[in-house]
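The next block holds one structure in the form of structure tokens; read it before the comments.
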Amino acid sequence: MAAPGGASAGAASGKKSAPPAAAYSGLIYRRRRLISFALDSETFQIRAFAHGFLTNRCCFLTVGTAKLLPLALVVFLSALVYNQIQPPPSKIPGTPGGPPVTAPRTKLRDGRYLSYLESGIPKEKAKYKIIFVHGFDCCKYDVLNVSQALMEELGIYLLSFDRPGYGESDAHPGRTEKSIALDIQDLADNLQLGAKFHLIGFSMGGEIMWSCLKYIPHRLAGVAILAPVGNYWWSGFPREVIEEAWYVQFPQDQRAVWVSHHLPWLTNWWNTQTLFPGSGVKEGNSNILSKEDVPLGEKFTGRPYEELVRQQGEHDSLHRDMMVGFGKWDWSPLEMENPFAGEDVKVHLWHGVEDLYVPVQLSRYISKKLPWVIYHELPTAGHLFPAADGMPDRIVRSLLLGDE
């Protein structure tokens, strides 16, 4: 390409010719350019500085610089997107700037702390020791409301705890479906519950029961699984079962669940942006409540500890629940063998037919594939049936005594 001032014989022969001294008097012949990019979370700026112009025409951006603009734009957009999808840091309980610690906590083997709540009779005198695992957007205070009369009658010690990232329990950025089972085992050991204990899990806590059955069955004296979340990508489900269950969900929840599985890194942004609806379950969409759920839902509104649940931030509690619960598992509960073959240990699975949060179709099919699971299907119940009057005692009696 010819120089801006026109071609010369020297240029045609491949040799560089010196610029006329009169035209460039006082200018430096040698080119020196510096391009700097300044990027921050809000603004992207490109500054181009050219020193020693070859002509008296002022060209701010040269051809070479212009070629960098597409790359710079890509860098800018990538940085902008990355900044938008990154979750804010967790507010760690008991640290400067974090929420205070107001309840007992125990240190796990990896250094994290779990906050817990004890009820019932003292564990030293208890005949039965039960650990309750709460659901999505809940905490240790949302423990199954077993009557004091029944706990005294049967000798029950009841322990609940904040799952990682909820309430006053430290978040676990590396949380998996296996890690929570090991957390429960550590909790039981730290509080000296003995060789075996019973488990009850509700909703997202119900799904965790499958992990406990796989990873710590030797510690379990019995398990009650209440309205468990199901992972639509577990192997073993027929296509028609998955489709039937999938379309019970509201469209916005279908999308949120899909993102949690296929694009987990986008889960935080998807459920915090305001361009379109994120998870309806997270936002408390009342249309998801079944007829029987409506009055029961009032028990969860205005909880005095409401702010405690999400006080560390939504990502390490709600969003990580979704990422793990609907994530990619290396195994499927449908493929499990009875871990208690030859032992008198029972596994109970409870589900309401009118559940719009967690479609009953998945639990129904699991119960057919796993004959060692005792299935209780409640024909008119929704998702919140464990909060119905008398139901906690009924569930516990069934677990401990085999009563229906």
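Starting from 1 in every chain, residues are counted up; chains themselves are A, B, ... following the order of the structure tokens, and ligands are numbered from 1 as listed.
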**OP:** Would you mind listing what lies within 6 Å of range 147-161 of chain A as a list in words, with only C-alpha atoms counted and same-chain residues fewer than 2 positions away left out?
**Re:** Ser115, Tyr116, Leu117, Glu118, Ser119, Gly120, Ile121, Lys123, Ala126, Lys127, Tyr128, Lys129, Ile130, Ile131, Phe132 and Lys140 of chain A
Can I get the selected residues back with N, CA and C atoms, as a compact mmCIF listing (two decimals), in the first residue's frame?
```
# COMPACT_ATOMS: atom_id res chain seq x y z
N SER A 115 -24.82 -24.68 62.18
CA SER A 115 -25.64 -24.22 63.29
C SER A 115 -26.80 -25.21 63.48
N TYR A 116 -27.16 -25.49 64.74
CA TYR A 116 -28.17 -26.52 64.98
C TYR A 116 -29.14 -26.11 66.08
N LEU A 117 -30.24 -26.87 66.16
CA LEU A 117 -31.29 -26.65 67.14
C LEU A 117 -31.72 -28.00 67.71
N GLU A 118 -31.74 -28.11 69.03
CA GLU A 118 -32.14 -29.35 69.69
C GLU A 118 -33.51 -29.19 70.34
N SER A 119 -34.31 -30.22 70.24
CA SER A 119 -35.62 -30.22 70.90
C SER A 119 -35.96 -31.65 71.33
N GLY A 120 -37.10 -31.79 72.00
CA GLY A 120 -37.46 -33.10 72.53
C GLY A 120 -36.81 -33.34 73.87
N ILE A 121 -36.60 -34.58 74.20
CA ILE A 121 -35.98 -34.89 75.49
C ILE A 121 -34.45 -34.92 75.32
N LYS A 123 -30.74 -35.95 74.74
CA LYS A 123 -30.28 -37.10 73.96
C LYS A 123 -29.73 -38.22 74.82
N ALA A 126 -32.76 -40.27 75.51
CA ALA A 126 -33.64 -40.56 74.38
C ALA A 126 -33.51 -42.00 73.90
N LYS A 127 -34.65 -42.55 73.52
CA LYS A 127 -34.68 -43.87 72.90
C LYS A 127 -34.46 -43.74 71.40
N TYR A 128 -35.00 -42.66 70.83
CA TYR A 128 -34.88 -42.41 69.39
C TYR A 128 -34.22 -41.04 69.17
N LYS A 129 -33.28 -41.01 68.26
CA LYS A 129 -32.62 -39.75 67.90
C LYS A 129 -32.87 -39.49 66.41
N ILE A 130 -33.51 -38.36 66.14
CA ILE A 130 -33.92 -38.02 64.77
C ILE A 130 -33.24 -36.73 64.33
N ILE A 131 -32.68 -36.75 63.13
CA ILE A 131 -32.16 -35.53 62.51
C ILE A 131 -33.12 -35.12 61.40
N PHE A 132 -33.57 -33.88 61.46
CA PHE A 132 -34.48 -33.36 60.43
C PHE A 132 -33.69 -32.46 59.48
N LYS A 140 -33.17 -24.10 60.21
CA LYS A 140 -33.33 -25.06 61.33
C LYS A 140 -34.61 -24.86 62.11
```
Subject >> All strand (DSSP E or B) positions in range 321-404 of chain A, as a VMD selection string >> reply: chain A and resid 347 to 352 373 to 378
Subject >> Secondary structure check, alpha helix (DSSP H) residues of range 155-343 of chain A, as a ChimeraX atom specification >> reply: /A:179-190,204-215,239-246,251-262,267-270,280-283,293-297,306-309,320-325
Subject >> Pairwise distance for CA of Lys328 in chain A and CA of Ser90 in chain A, rounded to one decimal in Å >> reply: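 Distance reported for this atom pair: 24.0 Å.
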**OP:** Go through A:Tyr357, A:Tyr215, A:Trp270, A:Tyr375 one by one, measure the shortest atom-to-atom distance of each to Gly135 in chain A using only C-alpha atoms, and give the residue with the smallest value.
**Re:** A:Tyr357
Subject >> Shell around range 203-207 of chain A at 6 Å using only C-alpha atoms, local window under 3 positions removed, as a PyMOL selection string >> reply: chain A and resi 133-136+210+225-229
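Between CA of His261 in chain A and CA of Gly201 in chain A lies a distance of 22.2 Å.
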**OP:** Point out the residue among A:Pro386, A:Gly327, A:Pro217, A:Pro238 with the least atom-to-atom distance to Gly297 in chain A, counting only C-alpha atoms.
**Re:**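 Among the listed residues, the smallest separation from Gly297 in chain A belongs to A:Pro386.
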**OP:** Show which residues sit within 12 Å of Cys138 in chain A, as a ChimeraX atom specification. Count only C-alpha atoms, and ignore same-chain residues fewer than 3 positions away.
**Re:** /A:133-135,141-144,160-168,202-205,282,300-301,303,305-311,314,317-318,321
**OP:** Would you work out the distance separating CA of Asp389 in chain A from CA of Asn145 in chain A, expressed in Å to one decimal?
**Re:**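 About the pair CA of Asp389 in chain A and CA of Asn145 in chain A: they are 9.1 Å apart.
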Could you build a table of the residues in range 180-205 of chain A lying no more than 10 Å from range 391-400 of chain A, giving for each the nearest pair of atoms and their separation in Å rounded to one decimal place, using only C-alpha atoms, ordered by chain and ascending residue number, as JSON lines?
```
{"residue": "A:His198", "atom": "CA", "partner": "A:Leu399", "partner_atom": "CA", "distance": 8.4}
{"residue": "A:Leu199", "atom": "CA", "partner": "A:Leu399", "partner_atom": "CA", "distance": 9.3}
{"residue": "A:Ile200", "atom": "CA", "partner": "A:Val396", "partner_atom": "CA", "distance": 8.7}
```
Subject >> Best match for closeness to Asp316 in chain A among A:His262, A:Arg239, A:His172, A:Arg109, counting only C-alpha atoms >> reply: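 Once distances to Asp316 in chain A are computed over only C-alpha atoms, the minimum belongs to A:His172.
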Original post:
Using only C-alpha atoms, which of A:Gly325, A:Pro251, A:Gly342, A:Pro88 sits nearest Ile180 in chain A?
Top reply: A:Gly325
